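For reference, start32.csv is printed below; it contains CSV, C-alpha atoms.
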```csv
chain,number,residue,atom,x,y,z
A,30,MET,CA,46.1,-60.4,-140.8
A,31,PRO,CA,47.1,-61.8,-144.2
A,32,ARG,CA,50.6,-61.2,-145.4
A,33,LYS,CA,50.7,-58.5,-148.1
A,34,VAL,CA,52.7,-59.2,-151.2
A,35,ALA,CA,53.4,-56.4,-153.7
A,36,HIS,CA,54.4,-57.4,-157.2
A,37,LEU,CA,56.4,-54.8,-159.1
A,38,VAL,CA,56.4,-55.1,-162.9
A,39,TYR,CA,57.0,-52.7,-165.8
A,40,SER,CA,53.5,-53.1,-167.1
A,41,PHE,CA,50.5,-55.4,-166.8
A,42,GLY,CA,49.5,-55.8,-170.4
A,43,MET,CA,49.3,-59.1,-172.3
A,44,GLY,CA,52.4,-61.3,-171.9
A,45,GLY,CA,53.8,-64.5,-170.5
A,46,LEU,CA,55.1,-62.8,-167.3
A,47,GLU,CA,51.7,-61.2,-166.7
A,48,ARG,CA,50.1,-64.7,-167.1
A,49,VAL,CA,52.5,-66.1,-164.5
A,50,ILE,CA,51.4,-63.4,-162.0
A,51,SER,CA,47.7,-63.8,-162.7
A,52,ASN,CA,48.0,-67.6,-162.3
A,53,LEU,CA,49.7,-67.1,-158.9
A,54,VAL,CA,47.2,-64.6,-157.7
A,55,ASN,CA,44.2,-66.7,-158.9
A,56,ASP,CA,45.5,-69.8,-157.2
A,57,SER,CA,46.1,-68.2,-153.8
A,58,ASN,CA,42.7,-68.8,-152.3
A,59,ASP,CA,44.0,-71.4,-149.8
A,60,TYR,CA,46.7,-69.0,-148.5
A,61,ASP,CA,46.6,-66.2,-146.0
A,62,VAL,CA,47.8,-63.6,-148.4
A,63,GLU,CA,46.8,-60.3,-150.0
A,64,HIS,CA,48.3,-59.3,-153.4
A,65,VAL,CA,48.8,-55.8,-154.8
A,66,ILE,CA,50.3,-55.0,-158.1
A,67,ILE,CA,52.5,-52.0,-158.9
A,68,THR,CA,53.4,-51.1,-162.5
A,69,GLN,CA,56.0,-48.7,-163.7
A,70,ILE,CA,53.9,-47.4,-166.5
A,71,ASP,CA,50.1,-47.0,-166.9
A,72,GLU,CA,49.4,-50.3,-168.7
A,73,GLN,CA,47.2,-52.6,-166.7
A,74,SER,CA,44.8,-54.2,-169.3
A,75,PHE,CA,45.7,-57.8,-168.2
A,76,ALA,CA,43.9,-57.1,-164.9
A,77,SER,CA,40.8,-58.5,-166.6
A,78,GLN,CA,42.4,-62.0,-166.2
A,79,LEU,CA,42.4,-61.7,-162.4
A,80,GLU,CA,39.6,-63.6,-160.7
A,81,HIS,CA,39.6,-61.6,-157.5
A,82,PRO,CA,39.9,-57.9,-156.7
A,83,VAL,CA,43.5,-56.8,-156.6
A,84,THR,CA,44.6,-53.2,-155.8
A,85,PHE,CA,46.7,-51.6,-158.5
A,86,TYR,CA,49.2,-48.8,-158.2
A,87,CYS,CA,51.3,-47.0,-160.8
A,88,LEU,CA,54.6,-45.2,-160.5
A,89,HIS,CA,54.1,-43.3,-163.7
A,90,LYS,CA,57.7,-43.8,-164.6
A,91,LYS,CA,59.0,-41.5,-167.4
A,92,ASP,CA,61.1,-42.9,-170.3
A,93,GLY,CA,64.8,-43.3,-169.5
A,94,LYS,CA,66.2,-42.6,-166.0
A,95,ASP,CA,63.5,-41.4,-163.7
A,96,LEU,CA,64.9,-41.1,-160.2
A,97,LEU,CA,61.7,-39.6,-158.9
A,98,SER,CA,60.0,-43.0,-159.5
A,99,HIS,CA,62.2,-44.4,-156.7
A,100,TRP,CA,61.0,-41.7,-154.4
A,101,ARG,CA,57.4,-42.5,-155.4
A,102,LEU,CA,57.9,-46.2,-154.7
A,103,TRP,CA,59.5,-45.4,-151.3
A,104,ARG,CA,56.5,-43.3,-150.3
A,105,LEU,CA,54.1,-46.0,-151.6
A,106,LEU,CA,55.8,-48.8,-149.7
A,107,ARG,CA,55.8,-46.8,-146.6
A,108,GLU,CA,52.0,-46.2,-147.1
A,109,ILE,CA,50.8,-49.7,-147.9
A,110,LYS,CA,53.4,-51.6,-145.8
A,111,PRO,CA,53.8,-54.8,-147.7
A,112,ASP,CA,55.5,-57.8,-146.1
A,113,VAL,CA,57.1,-58.8,-149.4
A,114,LEU,CA,58.2,-57.0,-152.6
A,115,HIS,CA,58.4,-59.3,-155.6
A,116,THR,CA,60.2,-57.7,-158.6
A,117,TYR,CA,60.4,-59.2,-162.1
A,118,ASN,CA,63.2,-59.0,-164.6
A,119,PHE,CA,66.1,-56.6,-164.8
A,120,GLY,CA,64.1,-53.4,-165.3
A,121,THR,CA,62.7,-53.6,-161.7
A,122,LEU,CA,65.7,-55.0,-159.9
A,123,GLU,CA,67.1,-51.6,-158.7
A,124,TYR,CA,63.9,-50.9,-156.8
A,125,GLN,CA,64.8,-53.6,-154.3
A,126,VAL,CA,67.3,-51.2,-152.8
A,127,VAL,CA,64.4,-48.8,-152.2
A,128,ALA,CA,62.4,-51.6,-150.6
A,129,ALA,CA,65.2,-52.3,-148.2
A,130,PHE,CA,65.3,-48.7,-147.1
A,131,ALA,CA,61.5,-48.6,-146.9
A,132,GLY,CA,61.6,-51.5,-144.4
A,133,VAL,CA,60.1,-54.3,-146.5
A,134,ALA,CA,61.1,-57.5,-144.7
A,135,ARG,CA,61.2,-60.0,-147.6
A,136,ARG,CA,62.6,-59.0,-151.0
A,137,VAL,CA,62.2,-61.5,-153.8
A,138,HIS,CA,63.4,-61.0,-157.4
A,139,ALA,CA,62.6,-63.3,-160.3
A,140,GLU,CA,64.3,-63.5,-163.7
A,141,HIS,CA,62.5,-64.8,-166.7
A,142,GLY,CA,65.3,-64.2,-169.2
A,143,ARG,CA,68.7,-62.7,-169.7
A,144,GLU,CA,70.3,-60.1,-171.9
A,145,SER,CA,73.0,-62.3,-173.5
A,146,SER,CA,70.4,-63.9,-175.6
A,147,TYR,CA,69.2,-60.6,-177.2
A,148,LYS,CA,71.2,-59.4,-180.2
A,149,ASP,CA,70.6,-55.7,-179.4
A,150,ILE,CA,72.4,-55.9,-176.0
A,151,LYS,CA,76.1,-55.2,-176.7
A,152,HIS,CA,77.6,-55.6,-173.1
A,153,PRO,CA,75.5,-58.2,-171.2
A,154,ALA,CA,78.3,-58.6,-168.6
A,155,LYS,CA,77.6,-55.2,-167.1
A,156,TYR,CA,74.0,-56.3,-166.4
A,157,GLU,CA,75.4,-59.4,-164.6
A,158,VAL,CA,77.7,-57.2,-162.5
A,159,PHE,CA,74.7,-55.0,-161.5
A,160,ARG,CA,72.8,-58.1,-160.4
A,161,ARG,CA,75.6,-59.2,-158.2
A,162,LEU,CA,75.7,-55.7,-156.6
A,163,ILE,CA,72.0,-55.8,-155.8
A,164,ALA,CA,72.0,-59.5,-154.7
A,165,PRO,CA,72.9,-58.6,-151.0
A,166,PHE,CA,69.6,-56.6,-150.8
A,167,LEU,CA,67.6,-59.7,-151.8
A,168,THR,CA,66.1,-62.4,-149.7
A,169,HIS,CA,65.8,-64.7,-152.7
A,170,PHE,CA,66.8,-64.6,-156.4
A,171,VAL,CA,64.4,-66.7,-158.4
A,172,VAL,CA,64.9,-68.2,-161.9
A,173,VAL,CA,62.3,-70.1,-163.9
A,174,SER,CA,64.4,-72.6,-166.0
A,175,GLN,CA,67.4,-74.9,-165.7
A,176,ASP,CA,69.5,-72.8,-168.1
A,177,LEU,CA,68.9,-69.7,-165.9
A,178,TYR,CA,69.7,-71.6,-162.8
A,179,GLN,CA,73.1,-72.5,-164.3
A,180,TRP,CA,73.6,-68.9,-165.3
A,181,GLY,CA,72.8,-67.8,-161.7
A,182,LEU,CA,75.4,-70.3,-160.3
A,183,GLU,CA,78.1,-69.6,-162.8
A,184,ARG,CA,77.7,-66.0,-163.9
A,185,LEU,CA,76.0,-64.3,-161.0
A,186,LYS,CA,77.9,-66.3,-158.4
A,187,LEU,CA,74.7,-67.0,-156.4
A,188,SER,CA,73.9,-70.2,-154.6
A,189,PRO,CA,71.1,-71.8,-152.6
A,190,PRO,CA,69.2,-70.9,-150.5
A,191,LYS,CA,69.3,-67.4,-152.0
A,192,LEU,CA,69.2,-68.8,-155.6
A,193,ARG,CA,65.9,-70.7,-156.2
A,194,LEU,CA,64.4,-72.5,-159.2
A,195,VAL,CA,60.7,-72.1,-159.5
A,196,TYR,CA,59.0,-73.4,-162.7
A,197,ASN,CA,56.2,-71.3,-164.1
A,198,GLY,CA,52.9,-72.9,-163.5
A,199,ILE,CA,49.9,-73.5,-165.8
A,200,SER,CA,46.3,-73.6,-164.8
A,201,LEU,CA,45.1,-77.0,-166.1
A,202,SER,CA,41.5,-76.0,-165.8
A,203,GLU,CA,42.0,-73.0,-168.0
A,204,PHE,CA,43.7,-75.0,-170.7
A,205,PRO,CA,41.9,-78.3,-170.8
A,206,CYS,CA,43.1,-81.1,-173.1
A,207,LEU,CA,40.3,-81.6,-175.6
A,208,LYS,CA,42.1,-83.7,-178.2
A,209,ALA,CA,40.5,-87.2,-178.0
A,210,GLN,CA,42.0,-88.5,-181.2
A,211,PRO,CA,44.4,-87.4,-184.0
A,212,GLU,CA,43.2,-84.7,-186.3
A,213,PRO,CA,44.5,-83.6,-189.7
A,214,LEU,CA,46.6,-80.4,-189.5
A,215,ARG,CA,44.2,-77.6,-190.3
A,216,GLN,CA,45.5,-74.8,-188.1
A,217,ILE,CA,48.7,-73.8,-186.4
A,218,ALA,CA,48.7,-71.4,-183.4
A,219,CYS,CA,51.5,-69.1,-182.3
A,220,VAL,CA,51.2,-66.8,-179.2
A,221,GLY,CA,53.7,-64.1,-178.4
A,222,ARG,CA,54.3,-60.4,-178.5
A,223,LEU,CA,55.2,-59.0,-182.0
A,224,VAL,CA,58.8,-58.1,-181.1
A,225,ASP,CA,62.1,-59.0,-182.6
A,226,VAL,CA,63.1,-61.7,-180.0
A,227,LYS,CA,60.0,-63.7,-180.8
A,228,ASN,CA,61.1,-63.8,-184.5
A,229,HIS,CA,57.6,-64.3,-186.1
A,230,ALA,CA,59.3,-63.4,-189.4
A,231,LEU,CA,61.0,-66.8,-189.3
A,232,LEU,CA,57.7,-68.6,-189.0
A,233,ILE,CA,56.2,-66.6,-191.8
A,234,ASP,CA,59.1,-67.4,-194.1
A,235,ALA,CA,59.0,-71.1,-193.2
A,236,VAL,CA,55.2,-71.2,-194.1
A,237,ALA,CA,56.0,-69.7,-197.5
A,238,LEU,CA,58.7,-72.2,-198.0
A,239,ALA,CA,56.5,-75.1,-196.9
A,240,ASN,CA,53.9,-74.0,-199.5
A,241,GLN,CA,56.5,-74.1,-202.2
A,242,ILE,CA,57.7,-77.6,-201.3
A,243,HIS,CA,54.2,-79.0,-200.8
A,244,PRO,CA,51.5,-76.8,-202.3
A,245,GLN,CA,48.7,-78.6,-200.3
A,246,PHE,CA,50.2,-77.1,-197.1
A,247,SER,CA,48.6,-73.8,-198.2
A,248,SER,CA,45.3,-75.1,-196.8
A,249,VAL,CA,46.7,-74.9,-193.3
A,250,GLY,CA,45.9,-71.6,-191.5
A,251,ILE,CA,48.3,-69.9,-189.1
A,252,ALA,CA,46.9,-67.9,-186.3
A,253,ILE,CA,49.4,-65.5,-184.6
A,254,VAL,CA,48.1,-64.1,-181.3
A,255,GLY,CA,49.7,-61.0,-179.8
A,256,ASN,CA,50.4,-57.3,-180.4
A,257,GLY,CA,53.5,-55.2,-180.5
A,258,PRO,CA,55.7,-52.8,-182.5
A,259,ASN,CA,56.4,-55.3,-185.3
A,260,GLN,CA,52.8,-55.7,-186.4
A,261,GLN,CA,53.0,-53.5,-189.5
A,262,LYS,CA,56.3,-55.0,-190.6
A,263,LEU,CA,55.0,-58.5,-190.2
A,264,GLN,CA,51.8,-57.7,-192.1
A,265,SER,CA,53.9,-56.3,-194.9
A,266,GLN,CA,56.0,-59.5,-195.0
A,267,ILE,CA,52.8,-61.6,-195.1
A,268,ASP,CA,51.4,-59.5,-198.0
A,269,ALA,CA,54.6,-59.6,-200.0
A,270,LEU,CA,54.7,-63.4,-199.8
A,271,GLY,CA,51.0,-63.7,-200.8
A,272,LEU,CA,50.0,-65.3,-197.4
A,273,GLU,CA,47.3,-62.8,-196.4
A,274,ASN,CA,44.6,-65.5,-196.6
A,275,GLN,CA,46.7,-68.1,-194.7
A,276,VAL,CA,48.6,-66.2,-192.0
A,277,LEU,CA,46.5,-64.0,-189.7
A,278,LEU,CA,47.7,-61.6,-187.1
A,279,LEU,CA,44.9,-61.8,-184.6
A,280,GLY,CA,46.3,-59.1,-182.2
A,281,TYR,CA,45.6,-59.3,-178.5
A,282,ARG,CA,43.1,-62.0,-177.4
A,283,GLU,CA,41.8,-62.8,-174.0
A,284,ASN,CA,40.5,-66.2,-175.2
A,285,VAL,CA,43.9,-67.8,-175.9
A,286,SER,CA,42.6,-71.1,-174.7
A,287,GLU,CA,40.0,-71.1,-177.4
A,288,VAL,CA,42.5,-70.3,-180.1
A,289,LEU,CA,44.6,-73.3,-178.9
A,290,ALA,CA,41.6,-75.5,-178.8
A,291,GLN,CA,41.0,-74.9,-182.5
A,292,ALA,CA,44.6,-75.7,-183.5
A,293,GLN,CA,46.4,-79.0,-184.0
A,294,LEU,CA,49.9,-77.7,-183.6
A,295,PHE,CA,51.7,-74.9,-181.8
A,296,VAL,CA,54.9,-73.2,-183.1
A,297,LEU,CA,57.3,-70.9,-181.3
A,298,SER,CA,60.1,-69.4,-183.5
A,299,SER,CA,61.9,-67.2,-180.9
A,300,ARG,CA,65.5,-66.3,-180.8
A,301,TYR,CA,65.4,-66.7,-177.0
A,302,GLU,CA,63.1,-68.2,-174.4
A,303,ALA,CA,63.7,-69.2,-170.8
A,304,GLN,CA,60.6,-71.2,-169.9
A,305,PRO,CA,57.9,-70.1,-172.4
A,306,MET,CA,54.4,-69.9,-170.8
A,307,THR,CA,52.8,-70.0,-174.2
A,308,ALA,CA,54.4,-73.4,-175.0
A,309,LEU,CA,53.4,-74.8,-171.7
A,310,GLU,CA,49.8,-73.6,-172.2
A,311,ALA,CA,49.8,-75.3,-175.6
A,312,MET,CA,51.2,-78.5,-174.1
A,313,ALA,CA,48.5,-78.4,-171.4
A,314,SER,CA,45.9,-78.1,-174.3
A,315,GLY,CA,47.3,-81.3,-175.7
A,316,LEU,CA,49.1,-79.7,-178.7
A,317,PRO,CA,52.4,-80.9,-180.0
A,318,VAL,CA,54.9,-78.1,-180.1
A,319,ILE,CA,57.6,-77.1,-182.6
A,320,CYS,CA,60.2,-74.7,-181.1
A,321,THR,CA,63.5,-73.2,-182.0
A,322,ASP,CA,66.2,-74.8,-179.9
A,323,VAL,CA,67.1,-71.7,-177.8
A,324,GLY,CA,67.6,-70.8,-174.1
A,325,GLY,CA,65.8,-73.1,-171.7
A,326,ILE,CA,63.3,-74.6,-174.3
A,327,LYS,CA,65.3,-77.9,-174.4
A,328,TYR,CA,64.4,-78.4,-170.7
A,329,VAL,CA,60.7,-78.3,-171.6
A,330,ILE,CA,60.6,-79.8,-175.1
A,331,SER,CA,62.3,-83.1,-175.6
A,332,HIS,CA,62.9,-83.6,-179.3
A,333,GLY,CA,60.7,-86.4,-180.7
A,334,ASP,CA,59.0,-87.0,-177.4
A,335,ASN,CA,56.6,-84.1,-176.7
A,336,GLY,CA,57.5,-81.9,-179.6
A,337,MET,CA,60.3,-81.0,-182.1
A,338,LEU,CA,63.3,-78.7,-181.8
A,339,VAL,CA,64.7,-76.9,-184.8
A,340,PRO,CA,67.8,-74.6,-185.1
A,341,SER,CA,67.2,-70.9,-184.6
A,342,ASP,CA,66.9,-68.7,-187.7
A,343,ASP,CA,66.7,-71.8,-190.0
A,344,LYS,CA,63.6,-71.4,-192.2
A,345,HIS,CA,64.4,-74.7,-194.1
A,346,ALA,CA,64.5,-76.7,-190.9
A,347,LEU,CA,61.3,-75.2,-189.6
A,348,ALA,CA,59.5,-75.7,-192.9
A,349,GLN,CA,60.5,-79.4,-192.9
A,350,ALA,CA,59.2,-79.7,-189.4
A,351,LEU,CA,55.9,-78.1,-190.4
A,352,LEU,CA,55.6,-80.5,-193.3
A,353,GLU,CA,56.3,-83.5,-191.1
A,354,ALA,CA,53.4,-82.4,-188.8
A,355,PHE,CA,51.2,-82.0,-191.9
A,356,HIS,CA,51.9,-85.6,-193.1
A,357,ASP,CA,52.0,-87.5,-189.8
A,358,SER,CA,49.1,-86.4,-187.6
A,359,ASP,CA,49.2,-89.7,-185.5
A,360,LYS,CA,52.8,-89.1,-184.5
A,361,PHE,CA,52.3,-85.5,-183.5
A,362,TYR,CA,49.1,-86.4,-181.6
A,363,GLU,CA,51.1,-88.7,-179.4
A,364,MET,CA,53.6,-85.9,-178.8
A,365,GLY,CA,50.8,-83.7,-177.7
A,366,GLN,CA,49.5,-86.3,-175.2
A,367,ARG,CA,52.9,-86.7,-173.7
A,368,GLY,CA,53.3,-82.9,-173.4
A,369,ARG,CA,50.0,-82.7,-171.5
A,370,ALA,CA,51.3,-85.4,-169.1
A,371,LEU,CA,54.5,-83.5,-168.5
A,372,VAL,CA,52.7,-80.3,-167.6
A,373,GLU,CA,50.4,-82.2,-165.2
A,374,ASP,CA,53.5,-83.7,-163.5
A,375,LYS,CA,55.9,-80.8,-163.4
A,376,PHE,CA,54.5,-77.5,-164.4
A,377,SER,CA,51.2,-77.1,-162.6
A,378,VAL,CA,50.2,-73.8,-161.0
A,379,LYS,CA,49.7,-75.5,-157.7
A,380,ALA,CA,53.4,-76.4,-157.5
A,381,MET,CA,54.4,-72.9,-158.5
A,382,THR,CA,52.1,-71.2,-156.0
A,383,SER,CA,53.3,-73.5,-153.1
A,384,ALA,CA,56.9,-72.6,-153.9
A,385,TYR,CA,56.3,-68.8,-154.0
A,386,MET,CA,54.2,-68.9,-150.8
A,387,GLU,CA,57.2,-70.6,-149.0
A,388,LEU,CA,59.5,-67.8,-150.2
A,389,TYR,CA,57.0,-65.2,-149.1
A,390,GLY,CA,56.6,-66.8,-145.6
A,391,VAL,CA,52.9,-67.3,-146.3
A,392,THR,CA,51.0,-70.1,-144.7
A,393,LYS,CA,47.8,-71.8,-145.7
A,394,ASN,CA,44.5,-70.7,-144.2
A,395,LYS,CA,43.3,-72.5,-141.1
A,396,GLY,CA,41.5,-75.7,-142.0
A,397,VAL,CA,43.1,-76.0,-145.4
A,398,GLY,CA,45.2,-79.0,-145.9
A,399,ASP,CA,47.4,-80.1,-148.7
A,400,LYS,CA,45.5,-81.1,-151.8
```

Can I see the file as structure tokens?
Amino acid sequence: MPRKVAHLVYSFGMGGLERVISNLVNDSNDYDVEHVIITQIDEQSFASQLEHPVTFYCLHKKDGKDLLSHWRLWRLLREIKPDVLHTYNFGTLEYQVVAAFAGVARRVHAEHGRESSYKDIKHPAKYEVFRRLIAPFLTHFVVVSQDLYQWGLERLKLSPPKLRLVYNGISLSEFPCLKAQPEPLRQIACVGRLVDVKNHALLIDAVALANQIHPQFSSVGIAIVGNGPNQQKLQSQIDALGLENQVLLLGYRENVSEVLAQAQLFVLSSRYEAQPMTALEAMASGLPVICTDVGGIKYVISHGDNGMLVPSDDKHALAQALLEAFHDSDKFYEMGQRGRALVEDKFSVKAMTSAYMELYGVTKNKGVGDK
């Protein structure tokens, strides 16, 4: 019998976390495992990215505190009897206590970010205390970047083997490198939910400033992929700056790889990232990357090697970096090639899947050797 792994997430709409899970599920063919996905709310549109049938469940959690959702999860776990419960980020952590009482043998929790990097969180320390209280119920506490690993050691007081670092993995076949030679900068891609922490407003301001400094830059199109609550506010900003023909909000797209294939540069202007999947996907596609120097990005982007880092909330620095890419396509092409090589070496989905299967206690199917 295959080992059953239940993944518990807030929702399964478009996002980097959902991409991580879909990559993991899609790359599990060689392993004796069955995946199920449990969402807190009824948003499961990203299921279209899964290549194999996966059973979905929903807890129908109400806004705010909904203690009955714990009872519904307990009943569900007792019914489907998973061998592993894998929760993601702070909002699902408390459910690991339910899993322990429901008799789930392995309880894995993964963090893809932390509250101290979000400006609307006033008391991040209380979240760290809560994590330390729940830690005894966990088999493993997984982090996805070097900065989160240090945070786990220093702030959460965790240590190996409970604390584990597992890099997010990219499907190299899904994001092929099609850049055979340098190309003039014609299009910039940005992928991320339209929320405050992604700070798309900074990118829009930097584009307007780059146009002022060098009017020819206005020929470069900016394609922003993603949806979210800030869509109308960002569109108003674009219109007010007269960029409606240059900066396009494309909304949710399933064909992100096609958008990246048409671009010559990828930009991420976030206020915080741990290990951004979108930047890794861009690197896999052979794109040079310009990112704000926040969170764990410096462990992925080496300034001047496979991309450029600029200070957070500095539109002047970002505008200058955009103009440098506009004027020196050869230099940035080489950055993109080095980025692709880094993803192949360190951030492949194969390596990520192998690491998680070890934590789950899942073995390869009979007759399947290491590839």

Produce a table with one row for each residue of stretch 187-234 of chain A that has an atom at most 12 Å from any atom of stretch 315-327 of chain A, each row naming the nearest atom pair and its distance in Å at one decimal; use all atoms listed in the file; arrange rows by chain and rising residue number; format as a Markdown table.
```
| residue | atom | partner | partner_atom | distance |
| --- | --- | --- | --- | --- |
| A:Tyr196 | CA | A:Gly325 | CA | 11.3 |
| A:Leu201 | CA | A:Gly315 | CA | 10.7 |
| A:Phe204 | CA | A:Gly315 | CA | 8.8 |
| A:Pro205 | CA | A:Gly315 | CA | 7.9 |
| A:Cys206 | CA | A:Gly315 | CA | 4.9 |
| A:Leu207 | CA | A:Gly315 | CA | 7.0 |
| A:Lys208 | CA | A:Gly315 | CA | 6.2 |
| A:Ala209 | CA | A:Gly315 | CA | 9.3 |
| A:Gln210 | CA | A:Gly315 | CA | 10.5 |
| A:Pro211 | CA | A:Leu316 | CA | 10.5 |
| A:Glu212 | CA | A:Leu316 | CA | 10.8 |
| A:Leu214 | CA | A:Leu316 | CA | 11.1 |
| A:Gln216 | CA | A:Leu316 | CA | 11.2 |
| A:Ile217 | CA | A:Leu316 | CA | 9.7 |
| A:Ala218 | CA | A:Leu316 | CA | 9.5 |
| A:Cys219 | CA | A:Val318 | CA | 9.9 |
| A:Val220 | CA | A:Val318 | CA | 11.9 |
| A:Val226 | CA | A:Val323 | CA | 11.0 |
| A:Lys227 | CA | A:Thr321 | CA | 10.2 |
| A:Asn228 | CA | A:Thr321 | CA | 10.0 |
| A:His229 | CA | A:Thr321 | CA | 11.4 |
| A:Leu231 | CA | A:Thr321 | CA | 10.0 |
| A:Leu232 | CA | A:Thr321 | CA | 10.2 |
```

- Task: May I ask for the distance between atom CA of A:Val329 and atom CA of A:Ala308, given in Å to one decimal place?
- Result: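 Atom-to-atom, atom CA of A:Val329 to atom CA of A:Ala308, that is 8.7 Å.
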
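With all atoms listed in the file as the atoms that count, the minimum distance from A:Val254 to the choices A:Asp112, A:Glu283, A:Asp95, A:Glu80 is reached by A:Glu283.
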
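Comparing A:Leu114, A:Tyr281, A:Leu388, A:Leu177 by their smallest distance to A:Pro190, the closest is A:Leu388 (using all atoms listed in the file).
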
- Item | For A:Leu194, the nearest of the candidates A:Val172, A:Ala235, A:Leu46, A:Ala35, counting all atoms listed in the file |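 Looking only at the distances to A:Leu194, the closest residue turns out to be A:Val172.
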
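When all atoms listed in the file are used to measure the gap to A:Glu353, the shortest distance among A:Ile267, A:Val83, A:Leu102, A:Ala239 belongs to A:Ala239.
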
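When only C-alpha atoms are used to measure the gap to A:Ala76, the shortest distance among A:Tyr117, A:Phe130, A:Phe41, A:Tyr385 belongs to A:Phe41.
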
- Which is closer to A:Arg48 than all the others in A:Val65, A:Val339, A:Ile199, A:Leu263, using all atoms listed in the file?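 Checking each candidate against A:Arg48, we get A:Ile199 as the closest.
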
- Atomic distance atom CA of A:Ile253 - atom CA of A:Thr68, expressed in Å with one decimal: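 Answer for the atom CA of A:Ile253 to atom CA of A:Thr68 separation: 26.7 Å.
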
Per residue of stretch 173-291 of chain A within 10 Å of stretch 154-159 of chain A, which atom pair is closest and at what distance in Å (one decimal), using all atoms listed in the file, listed by chain and increasing number, as JSON lines?
```
{"residue": "A:Trp180", "atom": "CA", "partner": "A:Glu157", "partner_atom": "CA", "distance": 9.7}
{"residue": "A:Gly181", "atom": "CA", "partner": "A:Glu157", "partner_atom": "CA", "distance": 9.3}
{"residue": "A:Arg184", "atom": "CA", "partner": "A:Glu157", "partner_atom": "CA", "distance": 7.0}
{"residue": "A:Leu185", "atom": "CA", "partner": "A:Glu157", "partner_atom": "CA", "distance": 6.1}
{"residue": "A:Lys186", "atom": "CA", "partner": "A:Glu157", "partner_atom": "CA", "distance": 9.6}
```

- Query: Mind pulling up the distance from atom CA of A:Met337 to atom CA of A:Ala350?
  - Reply: 7.5 Å

Need the shell around stretch 53-63 of chain A: protein/DNA/RNA residues with any atom at most 6 Å away, counting all atoms listed in the file. Skip same-chain ones fewer than 3 positions apart. Format as an mmCIF file with C-alpha atoms, in the coordinates of the input?
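Output (around.cif):
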```
data_model
loop_
_atom_site.group_PDB
_atom_site.id
_atom_site.type_symbol
_atom_site.label_atom_id
_atom_site.label_comp_id
_atom_site.auth_asym_id
_atom_site.auth_seq_id
_atom_site.Cartn_x
_atom_site.Cartn_y
_atom_site.Cartn_z
ATOM 1 C CA PRO A 31 47.100 -61.800 -144.200
ATOM 2 C CA ARG A 32 50.600 -61.200 -145.400
ATOM 3 C CA LYS A 33 50.700 -58.500 -148.100
ATOM 4 C CA ILE A 50 51.400 -63.400 -162.000
ATOM 5 C CA GLU A 80 39.600 -63.600 -160.700
ATOM 6 C CA THR A 382 52.100 -71.200 -156.000
ATOM 7 C CA THR A 392 51.000 -70.100 -144.700
ATOM 8 C CA LYS A 393 47.800 -71.800 -145.700
ATOM 9 C CA ASN A 394 44.500 -70.700 -144.200
#
```
